[in-house]
Structures are given as structure tokens and as C-alpha cells.
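Visitor: This is the structure I have questions about; it appears just below.
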Amino acid sequence: MAALGGDQAERSVGRWEAAVAATGAVSVLLIEDDAGDALLVREMLSDAAPDAQLVWVRSMAEAREVLRSRPACVLLDLQLPDSFGLSGLDVVLAAAPDTAVIVLTGLADQYLGARAVALGAQDYLAKAQVEPQLLARTIRYAVERRAAQETARELAEARQVAAENARLERGLLPVAIVLDDAVSVLTRYRPGGLGLLGGDFFDVVQCPDGTVYAVIGDVCGHGPDEAALGVCLRVAWRTLVLAGNEEERILPVLSEVLGHERAQDHVFATVCMIRVAGDHSSARVYLAGHPPPVLDGELLDLPTGVPLGIRGRHDWAASEIKLGARWEIVLYTDGIFEGRAAPGSQPRFGLDEFAALLRVTREITPDPEVWTDVVIEAVEQRNGGPLTDDLALLVLAHAPPAAVG
């Protein structure tokens, strides 16, 4: 049995990989400079683990190339021509971190074997005590143990991501502060594509004098950085409102906060903010690059200013709207209308189409608890599946006591 080298190594590794892929066998790389020991290992595996596919190299230099194939198990001699002791283990673990490693030691080096396990090897064997069944069993257990460790690591990472997402969700999707039973708030939020949070955020705060502030915003981009920035903007907005700042100052200060908190200069955010008067008969709407709200099923035609975060001094003018005794205002982010118009189609669904869908659905099922879900499901069906971008939807409504029920 010859060790791999040069073109022979490339051909042998190719056959080794093909055999593993075809049979589902356990791929084993033996790094051993002694030909007699290597022959002994091959014979033991042939007897006790015929499904194991073995490839042999004499040095760590030769092993580096083979490790790219990510073998299931490595049998590593700790005394090689180009590595000694635990230095070879470091190389193997760095090159193939998912691979199970079993170190081969002499009787006098068993302490070193125990150290190897502490540093990341799955097990160690004293060469003089190895017999076929022990070798086969050790390889099998090592591979299974390494797989279990990898599964545990992935599970821990998934739990960490879930916990981080939960914290971001609590920041992005707060509990509205509403003091008046005549005012109701309903929200919907769905993360885009891969289920990762983006920068959509919203909030509602009612002041002691009855004035109601509502905001919805969308930080450009998608991911944890955008979500964290969205949380920052949402908390800053609520703080500005609760502190009693003049409404005209809220968006300029929020834009300044964005400029300081963003990681890159090109990041911006669109925002729609509404201030409903204390008697709930009128409202002022501020649009910073954001689509206009829908009032009682009709899309409002309002001027919009630039998004937050655009350099330069900007003023966001208010648009006055009259409200009846009973009204319903819908705020939303662009994810709800930027999907495909039909499965597999290139054209976007579009704002006008979304407004028409909302109006018709609302006429059929006026309960916002129902029509919001119907509209979102219809938009996703037209898109042919989950939307790429996040979508957020906020329904702010007023029904005086005489009209309740």
C-alpha cells in the first residue's frame, strides 16, 4: 500500500470521494508516516469496518490537500516528519473543523492523547493496544459524537438568534399607549423572505390631553443591523412624544438620531407620522418619503418630503385632514405592495392595486381583525409565496361610545 503523492494523490482522493458519495461509506483519512502501521490500520478496517473508505498520507503537508474533502474521520499520528505532538492536531482542526479526529499515540504518550481530547479531538488510541473491533467502534463513536456536537452547536446558535430576534421584535413591535377606550389599535407584522427581521417599525402614543400620535417607518435594507436601527428610531420617537416635544420638531430630531446611529452614510428611513387632535376630529399627517395612509378605505393624496437621513436641512410639512365621528386610518410599509402582481411575473403589485384590494376587502369584511389578514394573504398569493421584504400594517381607529358595537 503506497501513500498518496502528487498526481497519484489527486486521482486517489477523487476515487475516494466518489466511492464515499456512491456508497455512503465513512471516509477516513489516516495521517501516518510508518508504512507498517498504515498497513495494519487498513487490514483492521478491512476486517471490522468494510464500509470505511480509507486514504493514507505520510505527512501533514500531504494531509492539507485531502482535508479539503472534509473526511468524516481523521486518524492522526502525533509524530510526523513535519509536525510533532499537538501541532498536527491544530492544523487538522483548523482545516476541517467539522471532522472527528482520533489521535494515535504510543504507550508513553497517553497523557498527550488526553490533552488532545481536551483540545478538540474526539478520542485517542494507543497503537500497541489497537485491535480491529476497538478501532472500528472508536471511529463510529467519534463520528457520531462529532455530529452530535455539531447539532448541539447549531441548536445553540439557532436559540441565540431566536432570542436576539425576540428582543428586536419587542423593540420594533411595542405595546401601544392608549388611554381612551374609543381609540383602538391593531397591528400586523410579517418578516420577509427568510424570516429575518428588517427595519420596519411602528408605535402609537396617546397623551393625557387625548392627542394621539402614531408612526410607522421602514429603514432601508433587511437584517439585524436594520432591525436594531429601527428599534433605536422607534424608541427615540416614543421618547420625543412622551417628553412633550413640538410635533414639528420630532421628524428633524429623528433624522438627526438616524444620522448618528447608522453604520453607513447611505442608510435612510421612510416615515409616516400622524397627530390626531385631542377631540379626534382632525389630524395632521407628516410624510418623509413614505406612502400615504388610507382613510376609511380611500388612499389619501398627500405631498411627501424626503426620507430621514438625507443630508441637508429639511422641513416636513403637515397635511391637514378632517375626520368624522367614526374613522379608521391604515398605515403600512411598502413591503405590502412591492411583491409580484402574479406568481412568476415581473411587474410589481403596486400601491394603487393594494389600495383597491384593501378597499374592496374592507367593504366585504369591515372587521379589521379579519380584513387585515385577508389582505396580507391575498398579497402573498399574488406574489406566489412569502414576500421578500418585511411588511408592517397599523390600523388606528376611533369609535365614540355611542357607536361602539
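FYI, nothing fancy with the C-alpha cells labels: chains A, B, ... in order, residues from 1 per chain, ligands from 1 as they appear.
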List the spatial neighbours of region 271-285 of chain A as a PyMOL selection string - criterion: any atom at most 8 Å away, only C-alpha atoms, same-chain residues fewer than 3 positions off excluded.
Guide: chain A and resi 209-218+247+288-293+307-308+318-325+331+398
Visitor: Quick one: everything within 12 Å of Asp373 (chain A), counting only C-alpha atoms, minus sequence neighbours fewer than 6 positions away in the same chain. Send it as an MDAnalysis selection string.
Guide: chainID A and resid 186:190 336 358 361:362 365:367 379:380 392:393
Visitor: With only C-alpha atoms as the counted atoms, please give the residues lying no more than 12 Å from Arg68 (chain A), apart from itself and same-chain residues fewer than 2 positions off, as an NGL selection string.
Guide: :A and (10 or 13-14 or 17 or 29 or 62-66 or 70-72 or 92-99)
Visitor: Could you write those residues out with all heavy atoms, as a compact mmCIF listing (two decimals), in the first residue's frame?
Guide:
```txt
# COMPACT_ATOMS: atom_id res chain seq x y z
N GLU A 10 -4.08 13.08 -6.20
CA GLU A 10 -5.28 13.70 -6.75
C GLU A 10 -6.24 12.65 -7.29
O GLU A 10 -7.44 12.69 -7.06
CB GLU A 10 -4.88 14.69 -7.85
CG GLU A 10 -6.06 15.49 -8.39
CD GLU A 10 -5.61 16.56 -9.36
OE1 GLU A 10 -4.40 16.88 -9.36
OE2 GLU A 10 -6.46 17.04 -10.11
N VAL A 13 -7.67 10.51 -4.26
CA VAL A 13 -8.66 11.26 -3.50
C VAL A 13 -9.96 11.37 -4.29
O VAL A 13 -11.06 11.26 -3.73
CB VAL A 13 -8.12 12.65 -3.13
CG1 VAL A 13 -9.22 13.52 -2.52
CG2 VAL A 13 -6.96 12.53 -2.15
N GLY A 14 -9.84 11.56 -5.58
CA GLY A 14 -11.03 11.61 -6.42
C GLY A 14 -11.82 10.32 -6.37
O GLY A 14 -13.05 10.32 -6.25
N GLU A 17 -13.43 10.04 -2.86
CA GLU A 17 -14.63 10.86 -2.74
C GLU A 17 -15.79 10.24 -3.50
O GLU A 17 -16.94 10.23 -3.02
CB GLU A 17 -14.37 12.27 -3.26
CG GLU A 17 -13.39 13.07 -2.40
CD GLU A 17 -13.06 14.41 -3.02
OE1 GLU A 17 -13.19 14.52 -4.26
OE2 GLU A 17 -12.67 15.32 -2.28
N LEU A 29 -9.38 9.42 6.84
CA LEU A 29 -8.05 9.85 6.42
C LEU A 29 -7.05 9.42 7.49
O LEU A 29 -7.18 9.80 8.66
CB LEU A 29 -8.01 11.37 6.23
CG LEU A 29 -6.62 11.99 6.05
CD1 LEU A 29 -5.94 11.44 4.79
CD2 LEU A 29 -6.69 13.51 6.02
N GLU A 62 0.94 16.69 2.99
CA GLU A 62 0.06 15.95 2.10
C GLU A 62 -1.38 15.96 2.62
O GLU A 62 -2.33 15.98 1.84
CB GLU A 62 0.55 14.51 1.97
CG GLU A 62 1.91 14.38 1.29
CD GLU A 62 2.45 12.95 1.35
OE1 GLU A 62 1.74 12.09 1.92
OE2 GLU A 62 3.56 12.71 0.85
N ALA A 63 -1.55 15.96 3.93
CA ALA A 63 -2.89 15.91 4.52
C ALA A 63 -3.69 17.17 4.24
O ALA A 63 -4.92 17.12 4.11
CB ALA A 63 -2.79 15.69 6.02
N ARG A 64 -3.01 18.31 4.14
CA ARG A 64 -3.72 19.57 3.94
C ARG A 64 -4.62 19.53 2.72
O ARG A 64 -5.75 20.04 2.75
CB ARG A 64 -2.73 20.73 3.81
CG ARG A 64 -1.97 21.06 5.09
CD ARG A 64 -0.95 22.16 4.83
NE ARG A 64 -0.08 22.40 5.96
CZ ARG A 64 -0.35 23.21 6.97
NH1 ARG A 64 -1.48 23.87 6.98
NH2 ARG A 64 0.52 23.37 7.96
N GLU A 65 -4.14 18.95 1.63
CA GLU A 65 -4.94 18.87 0.41
C GLU A 65 -6.15 17.97 0.60
O GLU A 65 -7.26 18.29 0.19
CB GLU A 65 -4.08 18.38 -0.76
CG GLU A 65 -2.94 19.31 -1.14
CD GLU A 65 -3.46 20.66 -1.59
OE1 GLU A 65 -4.48 20.70 -2.31
OE2 GLU A 65 -2.87 21.68 -1.19
N VAL A 66 -5.93 16.81 1.24
CA VAL A 66 -7.02 15.85 1.42
C VAL A 66 -8.06 16.38 2.39
O VAL A 66 -9.26 16.09 2.26
CB VAL A 66 -6.46 14.50 1.90
CG1 VAL A 66 -7.56 13.45 1.98
CG2 VAL A 66 -5.34 14.02 0.98
N ARG A 70 -13.09 17.26 3.48
CA ARG A 70 -13.86 17.11 4.71
C ARG A 70 -14.16 15.65 5.02
O ARG A 70 -15.31 15.22 5.02
CB ARG A 70 -15.17 17.90 4.62
CG ARG A 70 -15.00 19.41 4.56
CD ARG A 70 -14.37 19.94 5.86
NE ARG A 70 -14.46 21.39 5.95
CZ ARG A 70 -13.53 22.23 5.53
NH1 ARG A 70 -12.43 21.74 4.98
NH2 ARG A 70 -13.66 23.52 5.67
N PRO A 71 -13.15 14.82 5.29
CA PRO A 71 -13.41 13.42 5.65
C PRO A 71 -14.22 13.34 6.94
O PRO A 71 -14.20 14.27 7.76
CB PRO A 71 -12.01 12.85 5.85
CG PRO A 71 -11.15 14.03 6.17
CD PRO A 71 -11.72 15.16 5.38
N ALA A 72 -14.94 12.24 7.11
CA ALA A 72 -15.74 12.07 8.33
C ALA A 72 -14.86 11.88 9.54
O ALA A 72 -15.20 12.30 10.65
CB ALA A 72 -16.69 10.89 8.17
N VAL A 92 -5.19 20.10 11.71
CA VAL A 92 -6.36 19.34 11.28
C VAL A 92 -7.65 20.03 11.70
O VAL A 92 -8.59 20.18 10.91
CB VAL A 92 -6.31 17.90 11.83
CG1 VAL A 92 -7.62 17.16 11.53
CG2 VAL A 92 -5.14 17.15 11.22
N LEU A 93 -7.73 20.46 12.95
CA LEU A 93 -8.95 21.11 13.44
C LEU A 93 -9.22 22.43 12.72
O LEU A 93 -10.37 22.79 12.49
CB LEU A 93 -8.84 21.36 14.95
CG LEU A 93 -8.82 20.11 15.84
CD1 LEU A 93 -8.63 20.50 17.30
CD2 LEU A 93 -10.09 19.29 15.66
N ALA A 94 -8.16 23.14 12.35
CA ALA A 94 -8.35 24.39 11.62
C ALA A 94 -8.80 24.14 10.19
O ALA A 94 -9.64 24.86 9.65
CB ALA A 94 -7.05 25.20 11.63
N ALA A 95 -8.25 23.09 9.56
CA ALA A 95 -8.57 22.80 8.16
C ALA A 95 -9.92 22.11 8.00
O ALA A 95 -10.60 22.30 6.99
CB ALA A 95 -7.47 21.94 7.54
N ALA A 96 -10.31 21.29 8.98
CA ALA A 96 -11.56 20.54 8.89
C ALA A 96 -12.25 20.55 10.24
O ALA A 96 -12.27 19.54 10.96
CB ALA A 96 -11.29 19.11 8.42
N PRO A 97 -12.84 21.68 10.63
CA PRO A 97 -13.40 21.80 11.98
C PRO A 97 -14.58 20.87 12.26
O PRO A 97 -14.89 20.61 13.41
CB PRO A 97 -13.83 23.28 12.05
CG PRO A 97 -13.98 23.70 10.62
CD PRO A 97 -12.97 22.93 9.86
N ASP A 98 -15.24 20.38 11.22
CA ASP A 98 -16.39 19.51 11.42
C ASP A 98 -16.01 18.03 11.46
O ASP A 98 -16.89 17.17 11.64
CB ASP A 98 -17.43 19.72 10.32
CG ASP A 98 -17.95 21.15 10.30
OD1 ASP A 98 -17.92 21.80 11.36
OD2 ASP A 98 -18.38 21.62 9.23
N THR A 99 -14.75 17.73 11.27
CA THR A 99 -14.29 16.34 11.18
C THR A 99 -13.97 15.77 12.56
O THR A 99 -13.39 16.46 13.40
CB THR A 99 -13.05 16.26 10.28
OG1 THR A 99 -13.42 16.61 8.94
CG2 THR A 99 -12.45 14.86 10.28
```
Visitor: Please, what distance in Å, to one decimal, runs between CA of His314 (chain A) and CA of Ser255 (chain A)?
Guide: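 Taking CA of His314 (chain A) as the start and CA of Ser255 (chain A) as the end point, the length is 9.4 Å.
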Visitor: Quick one: residues within 12 Å of Ala148 (chain A), only C-alpha atoms counted, chain neighbours fewer than 6 positions away excluded, as a PDB file with N, CA, C and O atoms, in the first residue's frame?
Guide:
```pdb
ATOM      1  N   ASP A  98     -15.241  20.382  11.216  1.00  0.00           N
ATOM      2  CA  ASP A  98     -16.394  19.505  11.422  1.00  0.00           C
ATOM      3  C   ASP A  98     -16.012  18.026  11.463  1.00  0.00           C
ATOM      4  O   ASP A  98     -16.890  17.172  11.637  1.00  0.00           O
ATOM      5  N   THR A  99     -14.748  17.726  11.270  1.00  0.00           N
ATOM      6  CA  THR A  99     -14.295  16.340  11.183  1.00  0.00           C
ATOM      7  C   THR A  99     -13.969  15.774  12.559  1.00  0.00           C
ATOM      8  O   THR A  99     -13.392  16.457  13.402  1.00  0.00           O
ATOM      9  N   ALA A 100     -14.342  14.516  12.775  1.00  0.00           N
ATOM     10  CA  ALA A 100     -13.968  13.821  14.010  1.00  0.00           C
ATOM     11  C   ALA A 100     -12.500  13.416  13.923  1.00  0.00           C
ATOM     12  O   ALA A 100     -12.062  12.863  12.908  1.00  0.00           O
ATOM     13  N   GLN A 122     -11.767  13.819  19.262  1.00  0.00           N
ATOM     14  CA  GLN A 122     -12.871  13.042  19.801  1.00  0.00           C
ATOM     15  C   GLN A 122     -12.398  11.901  20.695  1.00  0.00           C
ATOM     16  O   GLN A 122     -13.107  11.497  21.611  1.00  0.00           O
ATOM     17  N   TYR A 141     -18.059   5.798  16.994  1.00  0.00           N
ATOM     18  CA  TYR A 141     -18.471   6.659  18.096  1.00  0.00           C
ATOM     19  C   TYR A 141     -17.952   8.083  17.921  1.00  0.00           C
ATOM     20  O   TYR A 141     -18.643   9.056  18.259  1.00  0.00           O
ATOM     21  N   ALA A 142     -16.737   8.192  17.420  1.00  0.00           N
ATOM     22  CA  ALA A 142     -16.155   9.531  17.233  1.00  0.00           C
ATOM     23  C   ALA A 142     -16.955  10.333  16.215  1.00  0.00           C
ATOM     24  O   ALA A 142     -17.227  11.522  16.412  1.00  0.00           O
ATOM     25  N   GLU A 154     -25.338  24.026  16.430  1.00  0.00           N
ATOM     26  CA  GLU A 154     -26.310  24.674  15.556  1.00  0.00           C
ATOM     27  C   GLU A 154     -27.578  25.028  16.314  1.00  0.00           C
ATOM     28  O   GLU A 154     -28.180  26.091  16.093  1.00  0.00           O
ATOM     29  N   LEU A 155     -27.997  24.126  17.217  1.00  0.00           N
ATOM     30  CA  LEU A 155     -29.182  24.399  18.012  1.00  0.00           C
ATOM     31  C   LEU A 155     -28.958  25.588  18.932  1.00  0.00           C
ATOM     32  O   LEU A 155     -29.835  26.457  19.081  1.00  0.00           O
TER      33      LEU A 155
END
```
Visitor: Using only C-alpha atoms for the distances, tell me which of A:Glu328, A:Asp390, A:Glu369, A:Glu157 is nearest to Ala182 (chain A).
Guide: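 Going through A:Glu328, A:Asp390, A:Glu369, A:Glu157 one by one, the smallest distance to Ala182 (chain A) is for A:Glu328.
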Visitor: Quick one: DSSP strand (DSSP E) residues in region 157-337 of chain A, as a ChimeraX atom specification?
Guide: /A:183-190,198-206,212-222,269-276,282-288,294-295,298-299,319-322,327-332
Visitor: Which one is closest to Gly335 (chain A): A:Thr388, A:Thr372, A:Gln381, A:Thr151? Count only C-alpha atoms.
Guide: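 Once distances to Gly335 (chain A) are computed over only C-alpha atoms, the minimum belongs to A:Thr388.
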Visitor: Can you tell me how far CA of Ile139 (chain A) sits from CA of Ser69 (chain A), in Å to one decimal?
Guide: 17.8 Å
Visitor: Pick the closest to Asp37 (chain A) from A:Gly106, A:Pro224, A:Pro191, A:Gly309: which is it, counting only C-alpha atoms?
Guide: A:Gly106
Visitor: Please report the interatomic distance between CA of Ala236 (chain A) and CA of Leu302 (chain A) in Å with one decimal.
Guide: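 So the two atoms, CA of Ala236 (chain A) and CA of Leu302 (chain A), lie 25.4 Å apart.
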